[in-house]
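Chemist: Below: one structure in structure tokens.
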Amino acid sequence: MARAYDVVSIERKWQEYWASHGTYEVDAGDPRPPWYVLTMYPYPSGPAHMGHVRNYTFGDLLVRHRTMLGHAVLSPFGFDSFGLPAENAAIRTGTHPREFTDARIAELKASITSLGAVYDWRREIRSHDPEYIRWNQVIFQRFLAAGLAYRANAPVNWCPGCQTVLANEQVLADGTCERSGDLVEKRDLEQWFLRITDYADELLAGLGELDWPERVKTMQRNWIGRSEGAEFDLPVEGRDGSDGRPALALRVFTTRPDTAFGMTYAVVAPEHPLVDELTTPDHRAEVDELRERAARSSEIERTSEGGGLAKRGAATGSRVVNPFTGAAIPVYVADYVLMGYGTGAIMAVPAEDTRDWDFAQAHGLPVVRTVQPPEGWDEHGGPDGGPGGAWTGDGTKINSAWLDGLDIPTAKARATDWLEEQGVGTRMVNYRLRDWLISRQRYWGCPIPVVTCPDHGIVPVPEDQLPVLAPDDVEFLPTGESPLAAHPTFRHATCPVCGGPAERETDTMDTFVDSSWYFLRFCDPWTPDAPFDPDTVRHWMPVDQYIGGIEHAILHLLYARFFTKALADVGLAPADLREPFARLFTQGMIRMDGTKMSKSKGNLVAPSRYLDTVGADALRLFHLFVGPPADDVDWTDQTDQVIEGCGRFLDRVWRLAVGDADDRRGAGQAGRADGSAAPDAEAARAVRRAIHRLIDRVSGDYERWSYNTAVAACMEFVNLLQPFARDGGDPEVVAEAVDTLLLLLAPMTPHLAAEAWERRHGDHVHERRWPVADPALVVQEQVTMVVQVAGKVRDRLEVAVDISEDEAIAAALASDKVQAALAGATPARVISRPPRLVNLVP
RNA sequence: GCCCGGGUGGCGGAAUGGCAGACGCGAUGGACUCAAAAUCCAUUGUCCGAAAGGGCGUGCGGGUUCGAGUCCCGCCCCGGGCACCA
């Protein structure tokens, strides 16, 4: 497509100008009010893809807009540069991950720059940089000292494809690895954890004050999964101690203590430590078989095998006593109870829990209702009008002695009070959230800076010896072993306490650790003796606008919130900084043929092919124009044409602003199509009003992230302005119109705006202030008033904006079309909303 | 199963309860041109009609209202998240 101006050289010129003049470099001492805009730092996978373009277009627009509004805008950039792809490439090609990663970073940086996105590059962070590693390790050790980091043996998620353990958050609901798609296995391994569960309540409560998409907040709430209930003991029958008190009891957790009178059996998880003790010799074989099967099978096998959970349970032969009734009930082992949640044991109430109901049906266990189901439930309340099963809804308590007649919330409170009075139980809050497993058996990550001494146990490497860096002379082999573990010397260390031989930790940290505090480092990446200076962090933080993909709704955003709180609590960050991201925006993804556009799907459209044809400005404009920013974008056969349409619009702006020097057969040539007279003063006044309405609209649309309508408003304006200018409209008005347009476009299409502005004024549009609409000119003089008869539009009248109600009704009645529609009838009712509408109802 | 989004022309999408379809893409016709490209002008929801004009129309069925794409109730479909968490 031939463009009206030399897109490539103009775009390059301004990209070089912004970089060499440090236009978007700011410091904490800047007198302007601070504003921090941040786009999630990317994993460097090579040249930018379309998703990046979309991301950085929004971010860059904000940086430029906020700057024009008079803020000192902090706009840093960095790279989440540790991670598996680099290591896998090393195994494949022998290239060292650092070499591989640095090359990818150079490519990504160049392509981001070629979009016209501007950053304070002095602040660039790379997570594999030794300085960054050092502070990562310092933070880890502060957490270790504060008890927030610990090592424990745990059944963990092992991904055979990635050859490493994963965090719970990285395992998808179907039991596969979010990265490789392999089926994740359970393994018992000694691993490092961060105590994120200490912050579960604060992480939940803090969501309330955040200006984040509701759906992201909901996802985090679900993930944290707080449930209130009670824990209490079920004494095992026949296991009284010498003092007559129970020597062995089974502790259960429930959110429904009110249903305890309906407990007809109890269940323990196959991994529960009391299983052996509870199992009587005659049930041993069955229980052992069940346990073995549970250990072998993966989570999905456990959950997907047909028939729900009816099967896979075995009686232990033991009985426990329900403290509410004194009745003894059987104890089962079943894998529908998970060891990792609550106490790993439950009281089963089939009448009010669907899982317990199914299990009870399969094993012939009794059902005692403790909540009155709605009428007819037992006859036809179930699926397909059959008999109802468990009733989990509201109702009145029945069969529950002293709880009878109460509603559920009251009964819950009474039952819990009773447990506490009796000394057999206590209020308890449980979370679905588990501690964060951060160790990875990989090379290309931040080493965990500890050694293990035979005499002194786990000892942190002293701070003055940090960073602990992984050696370069390792062999990358597809063995599944971390190259660090196989290195001849790396693991041999000396104990910092006694100087004796010690074993160095060879695991590295999850890369989500790196991304959990980089936004703090960005505030002050130069401080030599701390990860960041708390006062400088206080100046910039929290991030005023964070931008990223919805895929990070849980993982990164939850970890970063946890880190911010924990860093404040160990004294590294300001104590009052509890939330890192005040406002979050999650943009839609790019889809093609119904699936996400991504490298792994092989359906990438390279942005580069647009940059040297229609240019970065047109591509940016397309992303802004195509639809609401939060929506997904479908990349189709028509997309190129829409992008060209954006280029056409920019050509029109160029011709209006600069003229037709390069294309003499352009706009001016066709001349006035209808041969009408030149626009008069009234037309000029209309254009002036349009200018101020445009400022008003675009400013409002920017605030609301409604960029597609902002672009539409600019296009509409050009459609109005173009004939006015061509037909000899007042040059002063044209100039005001064009200048305003360039100011409003400056954040969206920065190169075109900068070049056209420079040619017109000799200075820099991005250093100008954002225009302010004159309220007197924003209101229109004449508006279209709709006249309806019985709710149907019958006429449209041009009326003064300040028309009175009486005048409006009179004008409506004076209309021939209205009279025809009324057909002689007198309006029985008149609704008038001057100057918009009059509705005559006969 | 539960919790969120969302269904508007051929397509992407606009519409504080008050003109449905802004803006753009595509399509059709025209001007300019030897011709094309580019540019400019016009038309473009649908049905009836030569036209003037009129009927219908925002997934489906009800409701509230002078007036509903918008609010309420009940469904259908699509997308996403969660899913033995006791």
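In the structure tokens, chains take letters A, B, ... by order of appearance, with residues numbered from 1 within each chain and ligands from 1 in the order shown.
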Compile a residue-level contact table for chain A against chain B at a cut-off of 8 Å, reporting for every qualifying residue the shortest atom pair and its distance in Å to one decimal, with only C-alpha atoms (C1' of nucleotides) counted, rows ordered by chain and ascending number, as a tab-separated table.
Modeler:
residue	atom	partner	partner_atom	distance
A:Ala2	CA	B:A38	C1'	7.7
A:Arg215	CA	B:C4	C1'	6.3
A:Met219	CA	B:G81	C1'	6.8
A:Asn222	CA	B:C82	C1'	7.2
A:Gly225	CA	B:C85	C1'	7.8
A:Phe253	CA	B:A86	C1'	7.0
A:Thr254	CA	B:A86	C1'	5.6
A:Thr255	CA	B:A86	C1'	6.9
A:Thr303	CA	B:C84	C1'	7.2
A:Leu309	CA	B:C84	C1'	7.6
A:Tyr336	CA	B:C84	C1'	5.3
A:Val337	CA	B:C84	C1'	7.2
A:Tyr341	CA	B:C85	C1'	6.2
A:Ile346	CA	B:A86	C1'	6.2
A:Met347	CA	B:A86	C1'	8.0
A:Arg355	CA	B:C84	C1'	7.0
A:Tyr431	CA	B:C85	C1'	7.9
A:Arg432	CA	B:C85	C1'	5.8
A:Val626	CA	B:G12	C1'	6.2
A:Gly627	CA	B:G13	C1'	6.2
A:Gln638	CA	B:C25	C1'	6.9
A:Gln641	CA	B:C25	C1'	6.5
A:Val642	CA	B:C25	C1'	5.4
A:Gly645	CA	B:G24	C1'	7.3
A:Arg665	CA	B:U39	C1'	7.0
A:Gly666	CA	B:U39	C1'	5.2
A:Ala667	CA	B:U39	C1'	6.1
A:Ala670	CA	B:C40	C1'	5.6
A:Gly671	CA	B:C40	C1'	8.0
A:Ala673	CA	B:C41	C1'	6.3
A:Thr709	CA	B:C23	C1'	7.5
A:Val711	CA	B:C23	C1'	7.8
A:Ala712	CA	B:C23	C1'	4.4
A:Ala713	CA	B:C23	C1'	7.2
A:Met715	CA	B:C23	C1'	6.8
A:Glu716	CA	B:C23	C1'	6.8
A:Val786	CA	B:C19	C1'	6.3
A:Ala790	CA	B:C66	C1'	7.0
A:Gly791	CA	B:G67	C1'	5.5
A:Val793	CA	B:C19	C1'	7.5
A:Arg796	CA	B:C19	C1'	7.8
A:Arg829	CA	B:C66	C1'	7.6
A:Val830	CA	B:C66	C1'	7.8
A:Ile831	CA	B:C66	C1'	6.5
A:Arg836	CA	B:G18	C1'	7.2
A:Leu837	CA	B:G18	C1'	6.5
A:Asn839	CA	B:C66	C1'	6.9
A:Leu840	CA	B:C66	C1'	7.9
A:Val841	CA	B:C66	C1'	6.5
Chemist: Considering only helix (DSSP H, G or I) as DSSP defines it on the backbone, what residues of range 707-754 of chain A qualify? List them as a PyMOL selection string.
Modeler: chain A and resi 707-726+731-745+750-754
Chemist: Name all residues at most 9 Å from Thr636 in chain A (count only C-alpha atoms (C1' of nucleotides); drop same-chain ones fewer than 5 positions away) and give them as a list of chain:residue names.
Modeler: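 The filter keeps A:Arg591, A:Met592, A:Asp593.
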Chemist: Pick out the residues sitting within 12 Å of C78 in chain B, and hand them over as a list in words; count only C-alpha atoms (C1' of nucleotides), and ignore anything fewer than 2 positions along from it in its own chain.
Modeler: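 Final neighbour list, sorted by chain and number: Gly594 of chain A; G5, G6, G7, G59, C76 and G80 of chain B.
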Chemist: I'd like to know which of A:Ala684, A:Val331, A:Ile139, A:Val63 is closest to Asp730 in chain A, using only C-alpha atoms.
Modeler: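 For Asp730 in chain A, the nearest of the given residues is A:Ala684.
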Chemist: Would you work out the distance separating CA of Ala630 in chain A from C1' of G57 in chain B, expressed in Å to one decimal?
Modeler: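 C1' of G57 in chain B lies at a distance of 28.9 Å from CA of Ala630 in chain A.
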Chemist: Just the residues within 8 Å of Asp335 in chain A, please, counting only C-alpha atoms (C1' of nucleotides), with nothing from its chain fewer than 6 positions along; format it as a list in words.
Modeler: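 Counting only the stated atoms, we get Ala269, Pro270, Ala294, Arg302, Arg312 and Gly313 of chain A.
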Chemist: I'd like to know which of A:Leu813, A:Leu144, A:Leu189, A:Val138 is closest to Ala825 in chain A, using only C-alpha atoms.
Modeler: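 Among the listed residues, the smallest separation from Ala825 in chain A belongs to A:Leu813.
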Chemist: List every residue of range 439-521 of chain A that DSSP, applied to the backbone of this structure, assigns to strand (DSSP E or B), and report them as a list of chain:residue names.
Modeler: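 Result set for range 439-521 of chain A (strand (DSSP E or B)): A:Ser439, A:Arg440, A:Pro447, A:Val450, A:Val451, A:Thr452, A:Cys453, A:Gly457, A:Ile458, A:Val459, A:Pro460, A:His492, A:Ala493, A:Thr494, A:Pro501, A:Ala502, A:Glu503, A:Arg504, A:Thr508, A:Met509.
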Chemist: Hey, can you spit out that residue selection with N, CA, C and O atoms as a PDB file, in the first residue's frame?
Modeler:
ATOM      1  N   SER A 439      11.176 -24.722  44.703  1.00  0.00           N
ATOM      2  CA  SER A 439      12.419 -25.302  44.188  1.00  0.00           C
ATOM      3  C   SER A 439      12.192 -26.008  42.861  1.00  0.00           C
ATOM      4  O   SER A 439      11.162 -26.651  42.647  1.00  0.00           O
ATOM      5  N   ARG A 440      13.156 -25.862  41.993  1.00  0.00           N
ATOM      6  CA  ARG A 440      13.092 -26.485  40.673  1.00  0.00           C
ATOM      7  C   ARG A 440      14.418 -27.191  40.410  1.00  0.00           C
ATOM      8  O   ARG A 440      15.483 -26.616  40.681  1.00  0.00           O
ATOM      9  N   PRO A 447      19.907 -19.753  41.725  1.00  0.00           N
ATOM     10  CA  PRO A 447      20.242 -20.792  42.710  1.00  0.00           C
ATOM     11  C   PRO A 447      19.729 -20.441  44.108  1.00  0.00           C
ATOM     12  O   PRO A 447      19.748 -19.279  44.510  1.00  0.00           O
ATOM     13  N   VAL A 450      21.843 -21.790  49.809  1.00  0.00           N
ATOM     14  CA  VAL A 450      22.112 -22.418  51.100  1.00  0.00           C
ATOM     15  C   VAL A 450      23.029 -23.617  50.898  1.00  0.00           C
ATOM     16  O   VAL A 450      23.172 -24.114  49.788  1.00  0.00           O
ATOM     17  N   VAL A 451      23.642 -24.028  52.010  1.00  0.00           N
ATOM     18  CA  VAL A 451      24.379 -25.289  52.003  1.00  0.00           C
ATOM     19  C   VAL A 451      23.870 -26.130  53.169  1.00  0.00           C
ATOM     20  O   VAL A 451      23.286 -25.600  54.114  1.00  0.00           O
ATOM     21  N   THR A 452      24.088 -27.423  53.052  1.00  0.00           N
ATOM     22  CA  THR A 452      23.691 -28.299  54.144  1.00  0.00           C
ATOM     23  C   THR A 452      24.947 -28.888  54.771  1.00  0.00           C
ATOM     24  O   THR A 452      25.757 -29.520  54.091  1.00  0.00           O
ATOM     25  N   CYS A 453      25.090 -28.628  56.056  1.00  0.00           N
ATOM     26  CA  CYS A 453      26.265 -29.085  56.794  1.00  0.00           C
ATOM     27  C   CYS A 453      25.839 -30.278  57.643  1.00  0.00           C
ATOM     28  O   CYS A 453      24.778 -30.254  58.250  1.00  0.00           O
ATOM     29  N   GLY A 457      23.219 -28.468  59.773  1.00  0.00           N
ATOM     30  CA  GLY A 457      21.979 -28.489  58.996  1.00  0.00           C
ATOM     31  C   GLY A 457      22.002 -27.482  57.864  1.00  0.00           C
ATOM     32  O   GLY A 457      23.052 -27.228  57.270  1.00  0.00           O
ATOM     33  N   ILE A 458      20.842 -26.905  57.605  1.00  0.00           N
ATOM     34  CA  ILE A 458      20.743 -25.947  56.512  1.00  0.00           C
ATOM     35  C   ILE A 458      21.305 -24.609  56.953  1.00  0.00           C
ATOM     36  O   ILE A 458      20.849 -24.027  57.932  1.00  0.00           O
ATOM     37  N   VAL A 459      22.326 -24.123  56.233  1.00  0.00           N
ATOM     38  CA  VAL A 459      22.960 -22.858  56.591  1.00  0.00           C
ATOM     39  C   VAL A 459      22.930 -21.936  55.378  1.00  0.00           C
ATOM     40  O   VAL A 459      23.360 -22.333  54.295  1.00  0.00           O
ATOM     41  N   PRO A 460      22.423 -20.711  55.543  1.00  0.00           N
ATOM     42  CA  PRO A 460      22.428 -19.789  54.409  1.00  0.00           C
ATOM     43  C   PRO A 460      23.840 -19.346  54.065  1.00  0.00           C
ATOM     44  O   PRO A 460      24.676 -19.179  54.962  1.00  0.00           O
ATOM     45  N   HIS A 492      30.025 -29.100  46.092  1.00  0.00           N
ATOM     46  CA  HIS A 492      30.914 -29.181  47.255  1.00  0.00           C
ATOM     47  C   HIS A 492      31.163 -27.787  47.800  1.00  0.00           C
ATOM     48  O   HIS A 492      31.695 -26.923  47.116  1.00  0.00           O
ATOM     49  N   ALA A 493      30.749 -27.544  49.024  1.00  0.00           N
ATOM     50  CA  ALA A 493      30.899 -26.221  49.629  1.00  0.00           C
ATOM     51  C   ALA A 493      31.449 -26.385  51.031  1.00  0.00           C
ATOM     52  O   ALA A 493      31.613 -27.498  51.525  1.00  0.00           O
ATOM     53  N   THR A 494      31.747 -25.254  51.661  1.00  0.00           N
ATOM     54  CA  THR A 494      32.160 -25.327  53.061  1.00  0.00           C
ATOM     55  C   THR A 494      31.067 -24.697  53.906  1.00  0.00           C
ATOM     56  O   THR A 494      30.405 -23.750  53.500  1.00  0.00           O
ATOM     57  N   PRO A 501      33.218 -29.476  55.494  1.00  0.00           N
ATOM     58  CA  PRO A 501      32.596 -29.739  54.201  1.00  0.00           C
ATOM     59  C   PRO A 501      31.068 -29.736  54.308  1.00  0.00           C
ATOM     60  O   PRO A 501      30.503 -30.205  55.289  1.00  0.00           O
ATOM     61  N   ALA A 502      30.451 -29.146  53.309  1.00  0.00           N
ATOM     62  CA  ALA A 502      28.992 -29.076  53.281  1.00  0.00           C
ATOM     63  C   ALA A 502      28.514 -29.286  51.853  1.00  0.00           C
ATOM     64  O   ALA A 502      29.304 -29.188  50.910  1.00  0.00           O
ATOM     65  N   GLU A 503      27.259 -29.543  51.724  1.00  0.00           N
ATOM     66  CA  GLU A 503      26.707 -29.827  50.398  1.00  0.00           C
ATOM     67  C   GLU A 503      25.871 -28.630  49.937  1.00  0.00           C
ATOM     68  O   GLU A 503      24.965 -28.197  50.635  1.00  0.00           O
ATOM     69  N   ARG A 504      26.212 -28.129  48.756  1.00  0.00           N
ATOM     70  CA  ARG A 504      25.488 -26.963  48.259  1.00  0.00           C
ATOM     71  C   ARG A 504      24.145 -27.383  47.653  1.00  0.00           C
ATOM     72  O   ARG A 504      24.049 -28.422  47.000  1.00  0.00           O
ATOM     73  N   THR A 508      17.172 -24.645  41.899  1.00  0.00           N
ATOM     74  CA  THR A 508      17.008 -23.221  41.621  1.00  0.00           C
ATOM     75  C   THR A 508      15.575 -22.816  41.948  1.00  0.00           C
ATOM     76  O   THR A 508      14.730 -23.660  42.233  1.00  0.00           O
ATOM     77  N   MET A 509      15.332 -21.506  41.884  1.00  0.00           N
ATOM     78  CA  MET A 509      14.000 -21.023  42.252  1.00  0.00           C
ATOM     79  C   MET A 509      13.065 -20.977  41.042  1.00  0.00           C
ATOM     80  O   MET A 509      13.482 -20.696  39.923  1.00  0.00           O
TER      81      MET A 509
END
Chemist: Take CA of Leu742 in chain A and CA of His766 in chain A and report the distance between them in Å, one decimal.
Modeler: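 Distance reported for this atom pair: 9.9 Å.
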Chemist: Can you measure CA of Gly588 in chain A to CA of Asp632 in chain A for me? One decimal in Å is fine.
Modeler: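 So the two atoms, CA of Gly588 in chain A and CA of Asp632 in chain A, lie 4.1 Å apart.
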